[in-house]
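This is final38.cif (mmCIF, C-alpha atoms, pLDDT in the B column; chains and numbers go by the auth columns).
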```cif
data_entry
loop_
_atom_site.group_PDB
_atom_site.id
_atom_site.type_symbol
_atom_site.label_atom_id
_atom_site.label_comp_id
_atom_site.label_asym_id
_atom_site.label_seq_id
_atom_site.Cartn_x
_atom_site.Cartn_y
_atom_site.Cartn_z
_atom_site.B_iso_or_equiv
_atom_site.auth_seq_id
_atom_site.auth_asym_id
ATOM 1 C CA MET A 1 115.999 115.497 115.488 82.00 14 A
ATOM 2 C CA VAL A 2 114.036 116.222 112.339 88.00 15 A
ATOM 3 C CA LYS A 3 112.613 112.864 111.250 88.00 16 A
ATOM 4 C CA LEU A 4 110.175 113.508 108.439 91.00 17 A
ATOM 5 C CA THR A 5 109.390 116.390 106.074 94.00 18 A
ATOM 6 C CA MET A 6 106.460 116.649 103.675 95.00 19 A
ATOM 7 C CA ILE A 7 104.931 119.497 101.655 96.00 20 A
ATOM 8 C CA ALA A 8 101.366 119.396 100.288 96.00 21 A
ATOM 9 C CA ARG A 9 98.780 121.630 98.636 95.00 22 A
ATOM 10 C CA VAL A 10 96.062 122.452 101.145 92.00 23 A
ATOM 11 C CA THR A 11 93.196 122.809 98.665 90.00 24 A
ATOM 12 C CA ASP A 12 93.212 119.123 97.717 91.00 25 A
ATOM 13 C CA GLY A 13 95.878 117.462 99.904 92.00 26 A
ATOM 14 C CA LEU A 14 98.114 116.739 96.885 93.00 27 A
ATOM 15 C CA PRO A 15 101.682 115.926 98.086 94.00 28 A
ATOM 16 C CA LEU A 16 104.144 118.224 96.347 95.00 29 A
ATOM 17 C CA ALA A 17 107.536 117.290 97.828 95.00 30 A
ATOM 18 C CA GLU A 18 109.117 115.060 100.458 92.00 31 A
ATOM 19 C CA GLY A 19 112.529 114.391 101.952 86.00 32 A
ATOM 20 C CA LEU A 20 113.483 111.221 100.068 73.00 33 A
ATOM 21 C CA ASP A 21 115.363 109.588 102.949 70.00 34 A
ATOM 22 C CA ASP A 22 112.760 110.564 105.547 63.00 35 A
ATOM 23 C CA GLY A 23 111.467 107.671 107.598 61.00 36 A
ATOM 24 C CA ARG A 24 114.311 105.216 107.077 66.00 37 A
ATOM 25 C CA ASP A 25 115.438 105.517 110.692 70.00 38 A
ATOM 26 C CA ILE A 26 111.894 105.564 112.088 75.00 39 A
ATOM 27 C CA GLN A 27 110.103 102.486 113.344 76.00 40 A
ATOM 28 C CA ASP A 28 106.635 102.270 111.751 80.00 41 A
ATOM 29 C CA SER A 29 107.513 105.114 109.376 83.00 42 A
ATOM 30 C CA GLU A 30 104.650 104.196 107.020 86.00 43 A
ATOM 31 C CA PHE A 31 102.187 104.522 109.900 89.00 44 A
ATOM 32 C CA TYR A 32 103.306 108.096 110.553 89.00 45 A
ATOM 33 C CA LYS A 33 103.277 108.921 106.843 89.00 46 A
ATOM 34 C CA GLN A 34 99.669 107.761 106.706 90.00 47 A
ATOM 35 C CA GLN A 35 98.888 110.046 109.635 91.00 48 A
ATOM 36 C CA VAL A 36 100.490 112.942 107.755 92.00 49 A
ATOM 37 C CA LYS A 37 98.355 112.202 104.700 90.00 50 A
ATOM 38 C CA ALA A 38 95.273 112.055 106.924 91.00 51 A
ATOM 39 C CA LEU A 39 96.206 115.475 108.343 91.00 52 A
ATOM 40 C CA PHE A 40 96.555 116.856 104.816 91.00 53 A
ATOM 41 C CA LYS A 41 93.163 115.355 103.947 89.00 54 A
ATOM 42 C CA ASN A 42 91.611 117.061 106.983 86.00 55 A
ATOM 43 C CA LEU A 43 93.084 120.402 105.971 87.00 56 A
ATOM 44 C CA SER A 44 91.790 119.991 102.399 87.00 57 A
ATOM 45 C CA ARG A 45 88.253 119.690 103.820 84.00 58 A
ATOM 46 C CA GLY A 46 88.515 123.234 105.143 75.00 59 A
ATOM 47 C CA GLN A 47 88.634 122.357 108.831 63.00 60 A
ATOM 48 C CA ASN A 48 89.736 125.914 109.689 66.00 61 A
ATOM 49 C CA GLU A 49 92.705 124.639 111.636 75.00 62 A
ATOM 50 C CA PRO A 50 95.282 127.235 112.782 82.00 63 A
ATOM 51 C CA SER A 51 97.934 128.172 110.213 88.00 64 A
ATOM 52 C CA ARG A 52 100.600 126.998 112.682 91.00 65 A
ATOM 53 C CA MET A 53 100.143 124.026 114.948 92.00 66 A
ATOM 54 C CA SER A 54 101.944 121.167 116.686 93.00 67 A
ATOM 55 C CA VAL A 55 100.321 117.731 116.805 93.00 68 A
ATOM 56 C CA GLU A 56 101.591 115.082 119.216 93.00 69 A
ATOM 57 C CA THR A 57 101.769 111.485 117.976 91.00 70 A
ATOM 58 C CA GLY A 58 103.482 108.757 119.995 89.00 71 A
ATOM 59 C CA PRO A 59 107.129 109.724 120.705 91.00 72 A
ATOM 60 C CA TYR A 60 107.031 112.405 118.000 93.00 73 A
ATOM 61 C CA VAL A 61 105.407 115.740 117.209 94.00 74 A
ATOM 62 C CA PHE A 62 104.151 116.980 113.841 95.00 75 A
ATOM 63 C CA HIS A 63 104.819 120.696 113.374 95.00 76 A
ATOM 64 C CA TYR A 64 103.249 122.433 110.418 95.00 77 A
ATOM 65 C CA ILE A 65 102.721 125.857 108.914 94.00 78 A
ATOM 66 C CA ILE A 66 100.252 126.827 106.187 94.00 79 A
ATOM 67 C CA GLU A 67 101.165 129.632 103.827 91.00 80 A
ATOM 68 C CA GLY A 68 99.851 130.429 100.358 84.00 81 A
ATOM 69 C CA ARG A 69 97.637 127.322 100.236 89.00 82 A
ATOM 70 C CA VAL A 70 100.624 125.083 100.958 95.00 83 A
ATOM 71 C CA CYS A 71 101.255 123.066 104.126 95.00 84 A
ATOM 72 C CA TYR A 72 104.866 122.524 105.218 96.00 85 A
ATOM 73 C CA LEU A 73 105.110 119.732 107.796 95.00 86 A
ATOM 74 C CA THR A 74 107.906 118.102 109.727 94.00 87 A
ATOM 75 C CA MET A 75 107.946 115.354 112.339 94.00 88 A
ATOM 76 C CA CYS A 76 110.489 115.636 115.154 92.00 89 A
ATOM 77 C CA ASP A 77 111.334 113.932 118.422 92.00 90 A
ATOM 78 C CA ARG A 78 109.304 115.370 121.293 92.00 91 A
ATOM 79 C CA ALA A 79 112.493 116.705 122.855 92.00 92 A
ATOM 80 C CA TYR A 80 113.413 118.679 119.741 93.00 93 A
ATOM 81 C CA PRO A 81 112.950 122.439 120.327 92.00 94 A
ATOM 82 C CA LYS A 82 109.674 123.683 118.910 92.00 95 A
ATOM 83 C CA LYS A 83 111.284 126.974 117.945 91.00 96 A
ATOM 84 C CA LEU A 84 113.879 125.296 115.736 93.00 97 A
ATOM 85 C CA ALA A 85 111.232 123.095 114.099 94.00 98 A
ATOM 86 C CA PHE A 86 109.201 126.114 113.017 94.00 99 A
ATOM 87 C CA GLN A 87 112.253 128.042 111.859 93.00 100 A
ATOM 88 C CA TYR A 88 113.208 124.992 109.768 95.00 101 A
ATOM 89 C CA LEU A 89 109.745 125.078 108.194 95.00 102 A
ATOM 90 C CA GLU A 90 110.030 128.823 107.583 94.00 103 A
ATOM 91 C CA ASP A 91 113.285 128.245 105.681 95.00 104 A
ATOM 92 C CA LEU A 92 111.606 125.578 103.544 96.00 105 A
ATOM 93 C CA LYS A 93 108.592 127.805 102.915 96.00 106 A
ATOM 94 C CA ASN A 94 110.647 130.786 101.801 95.00 107 A
ATOM 95 C CA GLU A 95 112.711 128.750 99.340 96.00 108 A
ATOM 96 C CA PHE A 96 109.773 126.684 98.053 96.00 109 A
ATOM 97 C CA GLU A 97 107.768 129.834 97.319 95.00 110 A
ATOM 98 C CA ARG A 98 110.740 131.466 95.643 95.00 111 A
ATOM 99 C CA VAL A 99 111.487 128.504 93.362 95.00 112 A
ATOM 100 C CA ASN A 100 108.059 126.973 92.739 94.00 113 A
ATOM 101 C CA GLY A 101 105.543 129.636 93.754 89.00 114 A
ATOM 102 C CA THR A 102 104.100 130.221 90.285 92.00 115 A
ATOM 103 C CA GLN A 103 103.598 126.500 89.594 93.00 116 A
ATOM 104 C CA ILE A 104 101.933 125.356 92.822 93.00 117 A
ATOM 105 C CA GLU A 105 98.327 125.818 91.680 91.00 118 A
ATOM 106 C CA THR A 106 98.895 124.121 88.312 93.00 119 A
ATOM 107 C CA ALA A 107 100.681 121.013 89.661 93.00 120 A
ATOM 108 C CA ALA A 108 98.612 118.006 88.556 92.00 121 A
ATOM 109 C CA ARG A 109 100.592 114.989 89.756 94.00 122 A
ATOM 110 C CA PRO A 110 101.883 113.941 93.185 93.00 123 A
ATOM 111 C CA TYR A 111 105.441 114.994 94.070 94.00 124 A
ATOM 112 C CA ALA A 112 105.683 117.333 91.099 95.00 125 A
ATOM 113 C CA PHE A 113 108.481 119.193 92.919 95.00 126 A
ATOM 114 C CA ILE A 114 110.467 116.175 94.085 92.00 127 A
ATOM 115 C CA LYS A 115 113.706 117.960 93.110 93.00 128 A
ATOM 116 C CA PHE A 116 113.115 120.226 96.092 95.00 129 A
ATOM 117 C CA ASP A 117 114.406 117.293 98.153 94.00 130 A
ATOM 118 C CA THR A 118 117.935 118.618 97.579 94.00 131 A
ATOM 119 C CA PHE A 119 117.132 121.784 99.510 95.00 132 A
ATOM 120 C CA ILE A 120 115.235 119.807 102.176 95.00 133 A
ATOM 121 C CA GLN A 121 118.274 117.599 102.827 93.00 134 A
ATOM 122 C CA LYS A 122 120.686 120.521 102.946 94.00 135 A
ATOM 123 C CA THR A 123 118.483 122.501 105.336 94.00 136 A
ATOM 124 C CA LYS A 124 117.707 119.482 107.501 92.00 137 A
ATOM 125 C CA LYS A 125 121.407 118.943 108.180 92.00 138 A
ATOM 126 C CA LEU A 126 121.694 122.497 109.476 92.00 139 A
ATOM 127 C CA TYR A 127 118.934 121.866 112.017 91.00 140 A
ATOM 128 C CA GLN A 128 119.796 118.342 113.166 87.00 141 A
ATOM 129 C CA ASP A 129 122.226 119.262 115.951 85.00 142 A
ATOM 130 C CA THR A 130 120.589 121.650 118.399 86.00 143 A
ATOM 131 C CA ARG A 131 123.946 122.366 120.081 83.00 144 A
ATOM 132 C CA THR A 132 125.592 124.131 117.160 88.00 145 A
ATOM 133 C CA GLN A 133 126.299 127.832 117.634 85.00 146 A
ATOM 134 C CA ARG A 134 123.944 128.626 114.765 85.00 147 A
ATOM 135 C CA ASN A 135 120.988 126.805 116.319 84.00 148 A
ATOM 136 C CA ILE A 136 121.690 128.085 119.827 85.00 149 A
ATOM 137 C CA ALA A 137 121.582 131.606 118.370 86.00 150 A
ATOM 138 C CA LYS A 138 118.226 130.823 116.732 83.00 151 A
ATOM 139 C CA LEU A 139 116.860 129.513 120.033 83.00 152 A
ATOM 140 C CA ASN A 140 117.861 132.770 121.702 81.00 153 A
ATOM 141 C CA ASP A 141 116.394 134.869 118.898 75.00 154 A
ATOM 142 C CA GLU A 142 113.382 136.710 120.281 63.00 155 A
ATOM 143 C CA LEU A 143 112.124 137.720 116.838 58.00 156 A
ATOM 144 C CA TYR A 144 110.458 134.372 116.300 64.00 157 A
ATOM 145 C CA GLU A 145 108.401 133.104 119.243 69.00 158 A
ATOM 146 C CA VAL A 146 106.267 129.961 119.273 77.00 159 A
ATOM 147 C CA HIS A 147 104.607 130.142 122.681 73.00 160 A
ATOM 148 C CA GLN A 148 101.218 130.933 121.177 77.00 161 A
ATOM 149 C CA ILE A 149 101.252 127.998 118.742 87.00 162 A
ATOM 150 C CA MET A 150 98.656 125.437 119.768 85.00 163 A
ATOM 151 C CA THR A 151 99.624 121.840 120.582 87.00 164 A
ATOM 152 C CA ARG A 152 97.011 119.109 120.136 87.00 165 A
ATOM 153 C CA ASN A 153 96.897 115.318 120.079 88.00 166 A
ATOM 154 C CA VAL A 154 96.753 113.554 116.708 84.00 167 A
ATOM 155 C CA GLN A 155 93.679 111.531 117.696 83.00 168 A
ATOM 156 C CA GLU A 156 91.853 114.728 118.580 83.00 169 A
ATOM 157 C CA VAL A 157 92.766 116.316 115.243 81.00 170 A
ATOM 158 C CA LEU A 158 92.062 113.273 113.080 83.00 171 A
ATOM 159 C CA GLY A 159 88.907 112.533 115.065 76.00 172 A
ATOM 160 C CA VAL A 160 87.278 115.579 113.463 54.00 173 A
ATOM 161 C CA GLY A 161 87.819 114.068 110.040 48.00 174 A
ATOM 162 C CA GLU A 162 86.607 110.664 111.208 49.00 175 A
ATOM 163 C CA LYS A 163 83.400 112.214 112.521 47.00 176 A
ATOM 164 C CA LEU A 164 82.887 113.976 109.199 42.00 177 A
ATOM 165 C CA ASP A 165 83.448 110.671 107.414 47.00 178 A
ATOM 166 C CA GLN A 166 80.850 109.060 109.673 45.00 179 A
ATOM 167 C CA VAL A 167 78.371 111.855 108.929 39.00 180 A
ATOM 168 C CA SER A 168 79.083 111.498 105.206 44.00 181 A
ATOM 169 C CA GLN A 169 78.628 107.723 105.397 48.00 182 A
ATOM 170 C CA MET A 170 75.396 108.156 107.366 46.00 183 A
ATOM 171 C CA SER A 171 74.125 110.658 104.805 45.00 184 A
ATOM 172 C CA SER A 172 74.981 108.283 101.959 51.00 185 A
ATOM 173 C CA ARG A 173 73.265 105.436 103.792 53.00 186 A
ATOM 174 C CA LEU A 174 70.130 107.527 104.382 49.00 187 A
ATOM 175 C CA THR A 175 70.085 108.563 100.725 54.00 188 A
ATOM 176 C CA SER A 176 70.420 104.927 99.672 58.00 189 A
ATOM 177 C CA GLU A 177 67.695 103.829 102.090 52.00 190 A
ATOM 178 C CA SER A 178 65.447 106.639 100.816 53.00 191 A
ATOM 179 C CA ARG A 179 65.862 105.365 97.256 60.00 192 A
ATOM 180 C CA ILE A 180 65.046 101.820 98.383 62.00 193 A
ATOM 181 C CA TYR A 181 61.970 103.108 100.256 53.00 194 A
ATOM 182 C CA ALA A 182 60.824 105.066 97.170 55.00 195 A
ATOM 183 C CA ASP A 183 61.243 101.973 94.968 65.00 196 A
ATOM 184 C CA LYS A 184 59.240 99.875 97.440 65.00 197 A
ATOM 185 C CA ALA A 185 56.526 102.535 97.590 58.00 198 A
ATOM 186 C CA ARG A 186 56.236 102.493 93.788 71.00 199 A
ATOM 187 C CA ASP A 187 55.995 98.682 93.835 71.00 200 A
ATOM 188 C CA LEU A 188 53.257 98.812 96.491 67.00 201 A
ATOM 189 C CA ASN A 189 51.320 101.415 94.498 70.00 202 A
ATOM 190 C CA ARG A 190 51.642 99.276 91.390 75.00 203 A
ATOM 191 C CA GLN A 191 50.399 96.200 93.262 75.00 204 A
ATOM 192 C CA ALA A 192 47.489 98.197 94.709 70.00 205 A
ATOM 193 C CA LEU A 193 46.466 99.353 91.218 72.00 206 A
ATOM 194 C CA ILE A 194 46.692 95.796 89.933 77.00 207 A
ATOM 195 C CA ARG A 195 44.489 94.519 92.768 76.00 208 A
ATOM 196 C CA LYS A 196 41.991 97.329 92.159 74.00 209 A
ATOM 197 C CA TRP A 197 41.638 96.978 88.388 72.00 210 A
ATOM 198 C CA ALA A 198 42.433 93.308 87.839 74.00 211 A
ATOM 199 C CA PRO A 199 38.824 92.137 88.516 78.00 212 A
ATOM 200 C CA VAL A 200 37.483 94.782 86.117 74.00 213 A
ATOM 201 C CA ALA A 201 39.975 93.717 83.463 74.00 214 A
ATOM 202 C CA ILE A 202 39.025 90.068 83.944 81.00 215 A
ATOM 203 C CA VAL A 203 35.296 90.815 83.618 77.00 216 A
ATOM 204 C CA LEU A 204 35.854 92.909 80.512 78.00 217 A
ATOM 205 C CA GLY A 205 38.028 90.158 79.069 75.00 218 A
ATOM 206 C CA LEU A 206 35.350 87.555 79.687 78.00 219 A
ATOM 207 C CA VAL A 207 32.677 89.782 78.140 75.00 220 A
ATOM 208 C CA PHE A 208 34.850 90.379 75.090 75.00 221 A
ATOM 209 C CA LEU A 209 35.593 86.629 74.802 76.00 222 A
ATOM 210 C CA LEU A 210 31.880 85.754 75.113 76.00 223 A
ATOM 211 C CA PHE A 211 30.963 88.364 72.503 74.00 224 A
ATOM 212 C CA TRP A 212 33.620 86.984 70.153 72.00 225 A
ATOM 213 C CA VAL A 213 32.372 83.365 70.597 72.00 226 A
ATOM 214 C CA ILE A 214 28.748 84.408 69.926 76.00 227 A
ATOM 215 C CA LYS A 215 29.832 86.316 66.851 69.00 228 A
ATOM 216 C CA LEU A 216 31.642 83.254 65.471 69.00 229 A
ATOM 217 C CA ARG A 217 28.416 81.212 65.696 63.00 230 A
#
```
Represent the structure from my file as structure tokens, please.
Amino acid sequence: MVKLTMIARVTDGLPLAEGLDDGRDIQDSEFYKQQVKALFKNLSRGQNEPSRMSVETGPYVFHYIIEGRVCYLTMCDRAYPKKLAFQYLEDLKNEFERVNGTQIETAARPYAFIKFDTFIQKTKKLYQDTRTQRNIAKLNDELYEVHQIMTRNVQEVLGVGEKLDQVSQMSSRLTSESRIYADKARDLNRQALIRKWAPVAIVLGLVFLLFWVIKLR
């Protein structure tokens, strides 16, 4: 069964629409939603992931397609036919582009197209039962094949982003340590100058003081 549906802009990971009742019948639904958001974040970094991919996570599989800088993602049971999942996403993509295509790039707030949930719910119902004549016909349709679509594990996919985060954190740490080192070097140079010229300054001060005392007499 189709369990979860989310649509996001790839360029910045901004969520655009979501099935409003998605996740209510899923244990740990928030955990999987966080994984979806992490996937969107990875895609926004320009990871060059395939435009169509399946990502296994626990008892479920994320299926997504990327078209026109938008990612359409659904989470299904592992037993749910991959072909139907991608045809479901194609239906969402075609309607979303038709209705909201000109506004996608200018959307500035999360879930700007939340009204698209109505179409998501209607389409989801059509795909829930794999035994209907309609869906059996789609499974037998040779015009849309999914054999070449890659399947990966969610830890493998998200691990790329985690490694990039680690590199970013390491870079930030090195930059911070470099600043600290530069500050310490300036302090040491200042102390060295003080040690070098302090005796001279003291002698000159004493000479000036002695000259001033003699002048007063």
(request) Find the distance between atom CA of A:Lys96 and atom CA of A:Ser67 and write it in Å to one decimal. (result)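 Distance reported for this atom pair: 11.1 Å.
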(request) Run the PyMOL selection byres ((chain A and resi 140) around 8) mentally over the shown coordinates, then write out the matched residues as a list in words, using the chain letters and numbers from the document. (result)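 Those residues are Met14, Val15, Leu97, Tyr101, Thr136, Lys137, Lys138, Leu139, Gln141, Asp142, Thr143 and Asn148 of chain A.
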Would you compute, for all listed atoms of stretch 39-53 of chain A, the axis-aligned bounding box grown by 4 Å on each side, and then report its centre and edge lengths in Å rounded to one decimal, as lines of an AutoDock Vina configuration file?
```
center_x = 103.6
center_y = 109.6
center_z = 109.0
size_x = 24.6
size_y = 22.6
size_z = 16.6
```
(request) Rounded to one decimal place, report the atom CA of A:Lys54-atom CA of A:Arg91 distance in Å. (result)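 Pair atom CA of A:Lys54 / atom CA of A:Arg91 returns 23.7 Å.
Proximity of A:Thr70, A:Asn202, A:Asn107, A:Thr145 to A:Thr164, computed with all atoms listed in the file, is greatest for A:Thr70.
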(message) Considering all atoms listed in the file, can you say which of A:Tyr93, A:Leu171, A:Leu29, A:Leu102 comes closest to A:Gln116?
(response)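 Of A:Tyr93, A:Leu171, A:Leu29, A:Leu102, the one nearest A:Gln116 is A:Leu29, counting all atoms listed in the file.
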(request) Work out how far apart atom CA of A:Tyr85 and atom CA of A:Ile39 are and give it in Å to one decimal. (result)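 Distance between the two atoms: 19.6 Å.
Among A:Leu105, A:Ser64, A:Met163, A:Cys84, the residue with the shortest atom-to-atom distance to A:Ile133, counting all atoms listed in the file, is A:Leu105.
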(message) With distances taken over all atoms listed in the file, which residue among A:Arg147, A:Lys135, A:Arg203, A:Lys95 lies nearest A:Val68?
(response)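 Closest to A:Val68 of all the choices is A:Lys95.
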(message) On this structure, the PyMOL selection byres ((chain A and resi 56) around 10) would catch which residues? List them as a list of chain:residue names, sorted by chain and number.
(response)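 Residues picked by the PyMOL selection byres ((chain A and resi 56) around 10): A:Arg22, A:Val23, A:Thr24, A:Asp25, A:Gly26, A:Lys50, A:Ala51, A:Leu52, A:Phe53, A:Lys54, A:Asn55, A:Ser57, A:Arg58, A:Gly59, A:Gln60, A:Asn61, A:Glu62, A:Pro63, A:Ile79, A:Cys84, A:Gly174.
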